[in-house]
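Chemist: Encoded as structure tokens, here's the structure I'll be asking about.
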Amino acid sequence: MRRRAFLGLAGALAIPGCTAERAGVVLASRLPLPRPFTVPLTMPAVARPLVDGGTAYELVQRPSRVEIIPGTRTEVWGYDGTFPGPTFDVRAGRPITVSMVNELPVPTSTHLHGGVNPPQFDGYPTHLVVPTRRFVHEYPLSQPAATLWYHDHRMDFTGPQVYRGLAGMFILRDDVDDALPLPKGDKDIPLLICDRAFDADGSFLYPSLPGRPGVKGEYHQGVEGDVILVNGAPWPELEVDSTRYRFRLLNASNARRYDLRLDPAPPDSSAPFTQVGSDVGLLGAPQRLDRVVLASAERADVVVDFGAYPVGTEVTLVNRLDAGPAGQVMRFRVARRGNDDSRVPAKLADLEPLAPGRAVHRRRFDFRLSGPGAHGTHWKINGETFDPARTSATPRLGTTELWTFSSDFHHPVHVHLGHFQVYRRNGRAPGPADAGWKDTVDVRPFEVVEVLVRFEGHRGRYVLHCHNLEHEDMAMMANFDVV
Ligand SMILES: [Cu+2]
């Protein structure tokens with residue numbers, strides 16, 4: 001009975017107008033906003049090893065002043081002083097080391113999101129690298145090609161520190177992916193999408209969260225900015241050939257969800273997006289999509305064929321979840337004809353579907369708000385706030401478990417180490433956004449999402465948490481120990 005009531009409530013909330021598809025609260029910029037589509041899309045620098053051909057990298061986390069809004073300067077805290085940080089472009093099966101040097105005024109902890117890494121290199125929230133010190137991460141990269149990303153993970157301060165700029169893309173390639181006839185080279189483009197608000201002096205605007213000095217209550221839901229940045233540029237424009245492109249979409253926003261569409265849709269009314277990859281690797285087969293919905297930290301690797309549009313067309317990537325400035329993301333201008341020898345094959349990779357019969361253990365994780373009370377507002381998992389000393393689950397290495405996530409709000413649930421496949425959403429088959437291997441799943445208000453999660457590679461202590469960074473900072477996190 002309880003379960004039926006639960007699903008009934010979820011159904012009611014799915015009625016248009018009754019549900020908020022938005023996860024956060026918008027913070028308005030105090031700076032006049034730039035006109036959209038007036039700055040070019042730029043690519044972050046590619047991370048270079050210390051020695052040509054080597055496998056040792058070093059990034060310096062430091063403040064710098066950069067021009068994001070034309071004519072103003074914004075202080076960012078960036079990897080090598082850049083926002084986004086340098087893009088890693090590395091090969092599966094070839095381990096690397098990344099020395100993180102902290103020249104910021106605060107402690108940091110760096111997490112390679114989606115990485116299958118030993119616990120001591122995973123960026124545990126209390127594994128702090130204090131100012132002036134460094135820490136060398138060893139990444140085995142023993143996992144299939146995928147679009148990963150790296151970002152700060154400091155306990156209680158991940159939201160403000162990522163917001164200031166501590167995030168970058170991490171592209172892992174392998175022979176399977178290379179052998180596919182997908183668009184390559186300058187037509188394989190990472191797009192790191194996030195939102196920010198700017199103060200009158202050009203600095204990033206970020207509120208205090210409940211429990212901190214100068215509380216503004218509602219931002220416990222999550223912070224959304226009114227400026228959409230792609231690769232760090234506000235509503236940029238990209239000139240494209242009338243050919244296929246591969247876009248590695250990452251929602252690097254603290255809280256904002258996106259419902260991405262192309263406007264106009266292709267004149268031949270074909271689905272504009274062909275998804276080829278999910279969070280942590282290729283799909284088994286491509287899927288055609290009219291829209292791409294991304295919660296915080298989710299990725300979608302998609303192919304768009306601008307050959308469907310006449311040369312001269314301006315195609316806008318829009319976000320249907322916002323009627324204001326954040327309803328637009330970037331623009332593509334189909335500038336010229338181009339040769340296109342790429343295609344999307346019917347089969348992409350061997351994807352082993354996990355069957356529920358494989359699960360050796362079932363666990364439930366309920367994500368819910370508590371407070372405001374004597375101890376303030378907290379976001380809790382199974383009624384508990386994060387305690388680094390407590391473990392909530394002990395999966396065995398090499399096994400698969402069935403984990404059920406339920407929620408009272410938008411909670412994009414991220415599991416470290418363990419990759420998963422969505423088994424059921426509200427008792428039914430999962431949706432298009434759930435396809436493939438995942439590390440983050442979009443759990444919406446009063447939904448029940450069941451995932452089959454596999455624990456491979458390493459034993460030790462890891463976390464699962466809500467990837468709405470404000471929720472994460474307000475303790476919506478739990479330990480599990482792989483034993
Ligand atoms: Cu949450």
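We name chains A, B, ... following the order of the structure tokens; residues begin at 1 in each chain, and ligands are numbered from 1 as shown.
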Name the residues in contact with Val101 (chain A) at a cut-off of 12 Å, using only C-alpha atoms, excluding same-chain residues fewer than 6 positions from it; report them as an NGL selection string.
Modeler: :A and (57-62 or 78-81 or 107-110 or 128-137)
Chemist: List as a ChimeraX atom specification the protein and nucleic acid residues lying within 9 Å of ligand 1, with only C-alpha atoms and all ligand atoms counted.
Modeler: /A:23,221-222,255,367-369,379-380,407-413,443,465-472,476
Chemist: Using only C-alpha atoms, which protein or nucleic acid residues come within 10 Å of Arg461 (chain A)? Drop anything in the same chain fewer than 2 positions from it, and give the result as a list of chain:residue names.
Modeler: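 The contact residues come out as A:Pro118, A:Pro119, A:Gln120, A:Asp122, A:Tyr124, A:Pro388, A:Thr391, A:Ala393, A:Thr394, A:His416, A:Leu417, A:His458, A:Arg459, A:Val463, A:Asn479, A:Phe480, A:Asp481, A:Val482, A:Val483.
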Chemist: With C-alpha atoms kept, could you save the residues just selected as a JSON list (two decimals), in the first residue's frame?
Modeler:
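So again-v9.json came out as:
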```json
[["chain", "number", "residue", "atom", "x", "y", "z"],
["A", 118, "PRO", "CA", 41.87, 3.41, -5.41],
["A", 119, "PRO", "CA", 40.23, 5.06, -2.39],
["A", 120, "GLN", "CA", 43.32, 7.04, -1.39],
["A", 122, "ASP", "CA", 39.52, 9.24, -5.12],
["A", 124, "TYR", "CA", 37.52, 11.64, -0.28],
["A", 388, "PRO", "CA", 32.94, 10.27, 7.89],
["A", 391, "THR", "CA", 29.61, 3.31, 7.11],
["A", 393, "ALA", "CA", 26.93, -0.31, 3.32],
["A", 394, "THR", "CA", 29.61, -2.96, 2.85],
["A", 416, "HIS", "CA", 31.80, 6.80, -6.41],
["A", 417, "LEU", "CA", 33.74, 3.81, -7.80],
["A", 458, "HIS", "CA", 39.31, -1.57, -5.50],
["A", 459, "ARG", "CA", 38.43, -2.20, -1.87],
["A", 463, "VAL", "CA", 30.97, 7.83, -0.79],
["A", 479, "ASN", "CA", 30.06, 6.12, 3.20],
["A", 480, "PHE", "CA", 30.20, 2.63, 1.83],
["A", 481, "ASP", "CA", 33.10, 0.26, 2.27],
["A", 482, "VAL", "CA", 33.96, -2.17, -0.52],
["A", 483, "VAL", "CA", 35.15, -5.28, 1.32]]
```
Chemist: Which of region 229-423 of chain A end up as strand (DSSP E) when DSSP is run on this backbone - answer as a VMD selection string?
Modeler: chain A and resid 229 to 230 233 to 234 237 to 241 244 to 251 258 to 263 273 to 278 281 to 289 292 to 294 299 to 305 314 to 319 328 to 336 359 to 373 376 to 381 400 to 407 411 to 415 419 to 423
Chemist: List as a PDB file with N, CA and C atoms, in the first residue's frame the protein and nucleic acid residues near Val453 (chain A), meaning an atom at most 7 Å away when only C-alpha atoms are counted, but skip any in the same chain fewer than 4 places from it.
Modeler:
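Here's the written file out_24.pdb:
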```pdb
ATOM      1  N   THR A 400      27.532  -7.495  -7.679  1.00  0.00           N
ATOM      2  CA  THR A 400      26.533  -6.524  -8.126  1.00  0.00           C
ATOM      3  C   THR A 400      25.448  -6.436  -7.062  1.00  0.00           C
ATOM      4  N   GLU A 401      25.005  -5.220  -6.768  1.00  0.00           N
ATOM      5  CA  GLU A 401      23.920  -5.038  -5.799  1.00  0.00           C
ATOM      6  C   GLU A 401      22.799  -4.223  -6.430  1.00  0.00           C
ATOM      7  N   LEU A 402      21.591  -4.399  -5.898  1.00  0.00           N
ATOM      8  CA  LEU A 402      20.443  -3.611  -6.337  1.00  0.00           C
ATOM      9  C   LEU A 402      20.209  -2.506  -5.307  1.00  0.00           C
ATOM     10  N   GLY A 418      31.596   2.663  -8.075  1.00  0.00           N
ATOM     11  CA  GLY A 418      30.692   1.683  -8.678  1.00  0.00           C
ATOM     12  C   GLY A 418      29.891   2.276  -9.822  1.00  0.00           C
ATOM     13  N   HIS A 419      30.027   1.677 -10.990  1.00  0.00           N
ATOM     14  CA  HIS A 419      29.188   2.088 -12.118  1.00  0.00           C
ATOM     15  C   HIS A 419      27.908   1.268 -12.093  1.00  0.00           C
ATOM     16  N   PHE A 420      26.845   1.842 -12.617  1.00  0.00           N
ATOM     17  CA  PHE A 420      25.567   1.144 -12.513  1.00  0.00           C
ATOM     18  C   PHE A 420      24.749   1.276 -13.784  1.00  0.00           C
ATOM     19  N   GLN A 421      23.722   0.404 -13.867  1.00  0.00           N
ATOM     20  CA  GLN A 421      22.701   0.504 -14.910  1.00  0.00           C
ATOM     21  C   GLN A 421      21.365   0.712 -14.210  1.00  0.00           C
TER      22      GLN A 421
END
```
Chemist: Would you pick out the contacts of Ala145 (chain A) at 8 Å or less, using only C-alpha atoms, so that residues sharing its chain but fewer than 2 positions from it are not included, and give the list as a ChimeraX atom specification?
Modeler: /A:91-92,143,147,171-174,176-177,280-282
Chemist: Of the residues A:Gly24, A:Pro272, A:Pro125, A:Pro286, which is the one nearest to Asp156 (chain A), using only C-alpha atoms?
Modeler: A:Pro125
Chemist: Measure the distance from CA of Val344 (chain A) to CA of Pro432 (chain A) in Å and round it to one decimal.
Modeler: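 Straight-line distance from CA of Val344 (chain A) to CA of Pro432 (chain A) works out to 17.8 Å.
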Chemist: Suppose you want the space between CA of Asp290 (chain A) and CA of Pro353 (chain A); what is it in Å?
Modeler: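 So the answer is 24.5 Å.
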Chemist: What are the closest atom pairs, with distances in Å to one decimal, for each residue of region 24-49 of chain A lying within 10 Å of region 179-192 of chain A, using only C-alpha atoms, rows by chain and rising residue number, as CSV?
Modeler:
```
residue,atom,partner,partner_atom,distance
A:Leu41,CA,A:Leu191,CA,9.2
A:Thr42,CA,A:Leu191,CA,9.7
A:Met43,CA,A:Pro190,CA,7.9
A:Pro44,CA,A:Pro190,CA,9.1
```
Chemist: Neighbours of Pro267 (chain A) within 12 Å (only C-alpha atoms; same-chain residues fewer than 5 positions away dropped), as an NGL selection string?
Modeler: :A and (262 or 272 or 305-310 or 313 or 315)
Chemist: Go ahead and write the selection's residues with C-alpha atoms as a PDB file, in the first residue's frame.
Modeler:
```pdb
ATOM      1  CA  LEU A 262      17.821  22.346 -30.807  1.00  0.00           C
ATOM      2  CA  PRO A 272      18.253  16.212 -33.642  1.00  0.00           C
ATOM      3  CA  ASP A 305      24.175  16.366 -37.987  1.00  0.00           C
ATOM      4  CA  PHE A 306      24.219  19.973 -39.162  1.00  0.00           C
ATOM      5  CA  GLY A 307      23.919  18.583 -42.700  1.00  0.00           C
ATOM      6  CA  ALA A 308      20.184  18.559 -42.001  1.00  0.00           C
ATOM      7  CA  TYR A 309      20.200  22.399 -42.050  1.00  0.00           C
ATOM      8  CA  PRO A 310      20.755  24.796 -44.977  1.00  0.00           C
ATOM      9  CA  THR A 313      21.005  28.550 -40.446  1.00  0.00           C
ATOM     10  CA  VAL A 315      20.663  26.726 -34.563  1.00  0.00           C
TER      11      VAL A 315
END
```
Chemist: Hey, can you check how far CA of Phe83 (chain A) sits from CA of Phe170 (chain A)?
Modeler: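 About the pair CA of Phe83 (chain A) and CA of Phe170 (chain A): they are 13.9 Å apart.
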Chemist: What's around Gly398 (chain A) at 9 Å? Count only C-alpha atoms, leave out sequence neighbours fewer than 4 positions away in its own chain, and write the answer as a ChimeraX atom specification.
Modeler: /A:454-457
Chemist: Measuring between only C-alpha atoms, which one of A:Gly327, A:Pro345, A:Pro40, A:Pro236 shows the shortest distance to Leu260 (chain A)?
Modeler: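 Going through A:Gly327, A:Pro345, A:Pro40, A:Pro236 one by one, the smallest distance to Leu260 (chain A) is for A:Gly327.
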Chemist: Point out the residue among A:Glu103, A:Asp52, A:Glu314, A:Asp178 with the least atom-to-atom distance to Ala349 (chain A), counting only C-alpha atoms.
Modeler: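 Under the stated criterion, the closest residue is A:Asp178.
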